[in-house]
Every structure is written in C-alpha cells, then in structure tokens.
Amino acid sequence: MAPTDRYISENTFFVRYAETDAMGIVHHSVYIIYFEEARSHYSRVRGADYADFERSGYWLTVAEVHARYHAPTRYAQQITARCWVEELKSRGVTFGYEIVDTASGKVHVTGQSKHVCIDHQGRVSRIPDWWASVLAADIPKPPQG
C-alpha cells in the first residue's frame, strides 16, 4: 500500500498489446519496465531528471527488485503507476511502487527497487548532494527525541 506521508508521483497510460501474452494479460516481466517508467516520471516531476543525473557522471545501478502480483492487468486497460522514495541513504535509494487500475483504484502490483549509486568508472559513490536533496525532501523526517 502506498504511504500517505510523502510525495507520490502518478503516471497514467494504457497497456499496449505488445506487453501482453496470448491471453491478453500483461507479462510479469513488463511490470519491472512499468516500475522504471514510474521512477523516471517521479524524477522528472520532482526536478531531478535521471538523464541529468547520468550526465553529471553517475548511475543508479539496480541491486534488488521485488514485485508482488495481486491481480492480472489486461490489454487496453488504463493503469496508473505510482512511485515514491521509501528510503534514502548516502549511497543508495529504495523506491516503492504500485500499479493500479486508474478507474477503480484496484491494486494490481506492488513492489520496490533498491539502487546503489556508482560513478561512470563503476565505483560506489555518494549520491550527489543536489540530487539527494530533492529525494530527501519527499521523505518524512523522524521525530526529534
């Protein structure tokens, strides 16, 4: 379930025929692509375009991806891919996802992906401050105690 305490981007689109199997159901592997599109959309709307991140000398390499399939999604169905930052560390970030039916809000798939920041030489690196500050702004601060 998507959190209610942080920014969540939403990107709505129709399932394309090429994304489905012979039964007209979205192939399980396509959801990882939907996650990627949701993540890219999140970055763009938050002013931290991933293309700019790459041009600055870094990549976010995928360390883990998890998907939980709740209900099938079908050809021509309008869906919304939701994305948010679950956790931000100095060298990595975890994104959360929901793929839902746009009209009903029914959840079809949930998941998360963990990423490690590397430079273009392949060395693990700190996430640049300018990019981390955008992501950090969307995560609730723990209470001071």
# chains A, B, ... in the order shown; residues from 1 in each chain; ligands from 1

$ select_by_dssp --residues "stretch 23-108 of chain A" --states "alpha helix (DSSP H)" --output "NGL selection string"
:A and (30-45 or 50-55)

$ residues_around --residues "A:Thr102" --least-positions-apart "5" --cutoff "8 Å" --atoms "only C-alpha atoms" --output "list in words"
Thr12, Gln78, Ile79 and Thr80 of chain A

$ residues_around --residues "stretch 85-91 of chain A" --least-positions-apart "4" --cutoff "12 Å" --atoms "only C-alpha atoms" --output "PyMOL selection string"
chain A and resi 1-9+38-39+42-43+46+58-61+63+95-97+111-119+123-129+131-141

$ closest_residue --among "A:Gly92, A:Val100, A:Trp130, A:Glu64" --to "A:Asp52" --atoms "only C-alpha atoms"
A:Trp130

$ select_by_dssp --residues "chain A" --states "strand (DSSP E)" --output "ChimeraX atom specification"
/A:9-14,58-69,78-88,92-101,107-119

$ write_last_selection --atoms "N, CA and C atoms" --output "compact mmCIF listing (two decimals), in the first residue's frame"
# COMPACT_ATOMS: atom_id res chain seq x y z
N SER A 9 4.36 10.17 -7.02
CA SER A 9 4.09 10.55 -8.41
C SER A 9 3.12 9.54 -9.01
N GLU A 10 2.35 10.00 -9.99
CA GLU A 10 1.42 9.13 -10.70
C GLU A 10 1.56 9.37 -12.19
N ASN A 11 1.69 8.27 -12.92
CA ASN A 11 1.84 8.31 -14.37
C ASN A 11 0.80 7.35 -14.94
N THR A 12 -0.12 7.86 -15.73
CA THR A 12 -1.24 7.06 -16.25
C THR A 12 -1.04 6.77 -17.73
N PHE A 13 -1.32 5.53 -18.11
CA PHE A 13 -1.17 5.11 -19.50
C PHE A 13 -2.00 3.86 -19.75
N PHE A 14 -2.13 3.48 -21.03
CA PHE A 14 -2.85 2.28 -21.41
C PHE A 14 -1.88 1.14 -21.65
N TYR A 58 27.08 9.92 -12.97
CA TYR A 58 26.65 8.84 -12.07
C TYR A 58 25.57 7.98 -12.72
N TRP A 59 25.42 6.79 -12.15
CA TRP A 59 24.31 5.90 -12.47
C TRP A 59 23.75 5.37 -11.17
N LEU A 60 22.49 4.97 -11.21
CA LEU A 60 21.90 4.21 -10.11
C LEU A 60 21.75 2.78 -10.60
N THR A 61 22.63 1.92 -10.13
CA THR A 61 22.56 0.53 -10.54
C THR A 61 21.53 -0.21 -9.68
N VAL A 62 20.77 -1.09 -10.30
CA VAL A 62 19.74 -1.84 -9.59
C VAL A 62 20.40 -2.95 -8.79
N ALA A 63 20.15 -2.97 -7.49
CA ALA A 63 20.69 -4.00 -6.61
C ALA A 63 19.65 -5.08 -6.31
N GLU A 64 18.38 -4.67 -6.23
CA GLU A 64 17.28 -5.60 -5.95
C GLU A 64 16.00 -5.07 -6.58
N VAL A 65 15.14 -5.99 -7.01
CA VAL A 65 13.79 -5.65 -7.45
C VAL A 65 12.84 -6.70 -6.90
N HIS A 66 11.74 -6.22 -6.35
CA HIS A 66 10.70 -7.13 -5.84
C HIS A 66 9.36 -6.70 -6.43
N ALA A 67 8.56 -7.68 -6.81
CA ALA A 67 7.22 -7.41 -7.30
C ALA A 67 6.26 -8.42 -6.70
N ARG A 68 5.11 -7.94 -6.28
CA ARG A 68 4.05 -8.81 -5.78
C ARG A 68 2.85 -8.62 -6.68
N TYR A 69 2.40 -9.70 -7.27
CA TYR A 69 1.31 -9.66 -8.24
C TYR A 69 -0.01 -9.96 -7.52
N GLN A 78 -6.51 0.98 -18.70
CA GLN A 78 -5.80 2.19 -18.29
C GLN A 78 -5.33 1.98 -16.85
N ILE A 79 -4.02 2.15 -16.67
CA ILE A 79 -3.42 1.94 -15.36
C ILE A 79 -2.63 3.17 -14.94
N THR A 80 -2.39 3.25 -13.65
CA THR A 80 -1.58 4.32 -13.09
C THR A 80 -0.43 3.69 -12.33
N ALA A 81 0.78 4.13 -12.66
CA ALA A 81 1.99 3.67 -11.98
C ALA A 81 2.36 4.72 -10.95
N ARG A 82 2.36 4.33 -9.69
CA ARG A 82 2.71 5.23 -8.59
C ARG A 82 4.13 4.93 -8.13
N CYS A 83 4.85 5.98 -7.74
CA CYS A 83 6.23 5.81 -7.28
C CYS A 83 6.51 6.80 -6.16
N TRP A 84 7.30 6.35 -5.20
CA TRP A 84 7.73 7.20 -4.08
C TRP A 84 9.08 6.73 -3.57
N VAL A 85 9.74 7.57 -2.80
CA VAL A 85 11.00 7.21 -2.17
C VAL A 85 10.67 6.55 -0.84
N GLU A 86 11.11 5.32 -0.67
CA GLU A 86 10.92 4.62 0.61
C GLU A 86 12.06 4.91 1.58
N GLU A 87 13.29 4.91 1.04
CA GLU A 87 14.46 5.11 1.90
C GLU A 87 15.57 5.75 1.09
N LEU A 88 16.29 6.66 1.73
CA LEU A 88 17.43 7.31 1.10
C LEU A 88 18.62 7.17 2.02
N GLY A 92 22.68 5.04 -1.64
CA GLY A 92 21.62 4.26 -2.24
C GLY A 92 20.24 4.81 -1.96
N VAL A 93 19.29 4.33 -2.74
CA VAL A 93 17.91 4.77 -2.60
C VAL A 93 17.00 3.58 -2.90
N THR A 94 15.88 3.51 -2.17
CA THR A 94 14.86 2.50 -2.40
C THR A 94 13.58 3.20 -2.81
N PHE A 95 13.02 2.76 -3.93
CA PHE A 95 11.75 3.30 -4.43
C PHE A 95 10.66 2.27 -4.20
N GLY A 96 9.45 2.75 -3.91
CA GLY A 96 8.28 1.89 -3.81
C GLY A 96 7.35 2.15 -4.99
N TYR A 97 6.53 1.14 -5.31
CA TYR A 97 5.66 1.22 -6.49
C TYR A 97 4.30 0.58 -6.23
N GLU A 98 3.31 1.11 -6.91
CA GLU A 98 2.01 0.47 -7.05
C GLU A 98 1.56 0.65 -8.49
N ILE A 99 1.03 -0.42 -9.05
CA ILE A 99 0.37 -0.34 -10.35
C ILE A 99 -1.11 -0.59 -10.07
N VAL A 100 -1.93 0.41 -10.38
CA VAL A 100 -3.35 0.31 -10.05
C VAL A 100 -4.21 0.57 -11.28
N ASP A 101 -5.44 0.05 -11.25
CA ASP A 101 -6.42 0.38 -12.27
C ASP A 101 -6.82 1.84 -12.06
N VAL A 107 -5.54 -2.34 -6.76
CA VAL A 107 -4.10 -2.57 -6.83
C VAL A 107 -3.83 -3.87 -7.58
N HIS A 108 -3.00 -3.79 -8.62
CA HIS A 108 -2.64 -4.97 -9.40
C HIS A 108 -1.25 -5.49 -9.03
N VAL A 109 -0.31 -4.59 -8.83
CA VAL A 109 1.06 -4.99 -8.49
C VAL A 109 1.64 -3.97 -7.51
N THR A 110 2.41 -4.47 -6.54
CA THR A 110 3.18 -3.61 -5.65
C THR A 110 4.63 -4.06 -5.73
N GLY A 111 5.54 -3.18 -5.40
CA GLY A 111 6.94 -3.58 -5.44
C GLY A 111 7.88 -2.51 -4.94
N GLN A 112 9.14 -2.84 -5.02
CA GLN A 112 10.18 -1.90 -4.66
C GLN A 112 11.46 -2.25 -5.42
N SER A 113 12.31 -1.26 -5.57
CA SER A 113 13.63 -1.47 -6.15
C SER A 113 14.65 -0.72 -5.33
N LYS A 114 15.79 -1.38 -5.12
CA LYS A 114 16.90 -0.77 -4.39
C LYS A 114 18.02 -0.49 -5.39
N HIS A 115 18.61 0.69 -5.26
CA HIS A 115 19.63 1.15 -6.19
C HIS A 115 20.85 1.62 -5.43
N VAL A 116 22.01 1.39 -6.03
CA VAL A 116 23.28 1.85 -5.48
C VAL A 116 23.87 2.85 -6.46
N CYS A 117 24.35 3.96 -5.97
CA CYS A 117 24.96 4.98 -6.81
C CYS A 117 26.39 4.57 -7.15
N ILE A 118 26.71 4.61 -8.44
CA ILE A 118 28.08 4.38 -8.89
C ILE A 118 28.48 5.49 -9.84
N ASP A 119 29.79 5.73 -9.92
CA ASP A 119 30.27 6.70 -10.90
C ASP A 119 30.48 5.97 -12.24

$ closest_residue --among "A:Ala76, A:Ala22, A:Gly47, A:Val15" --to "A:Tyr34" --atoms "only C-alpha atoms"
A:Val15

$ residues_around --residues "stretch 16-19 of chain A" --least-positions-apart "2" --cutoff "10 Å" --atoms "only C-alpha atoms" --output "MDAnalysis selection string"
chainID A and resid 13:14 21:22 24:31 33 74:78
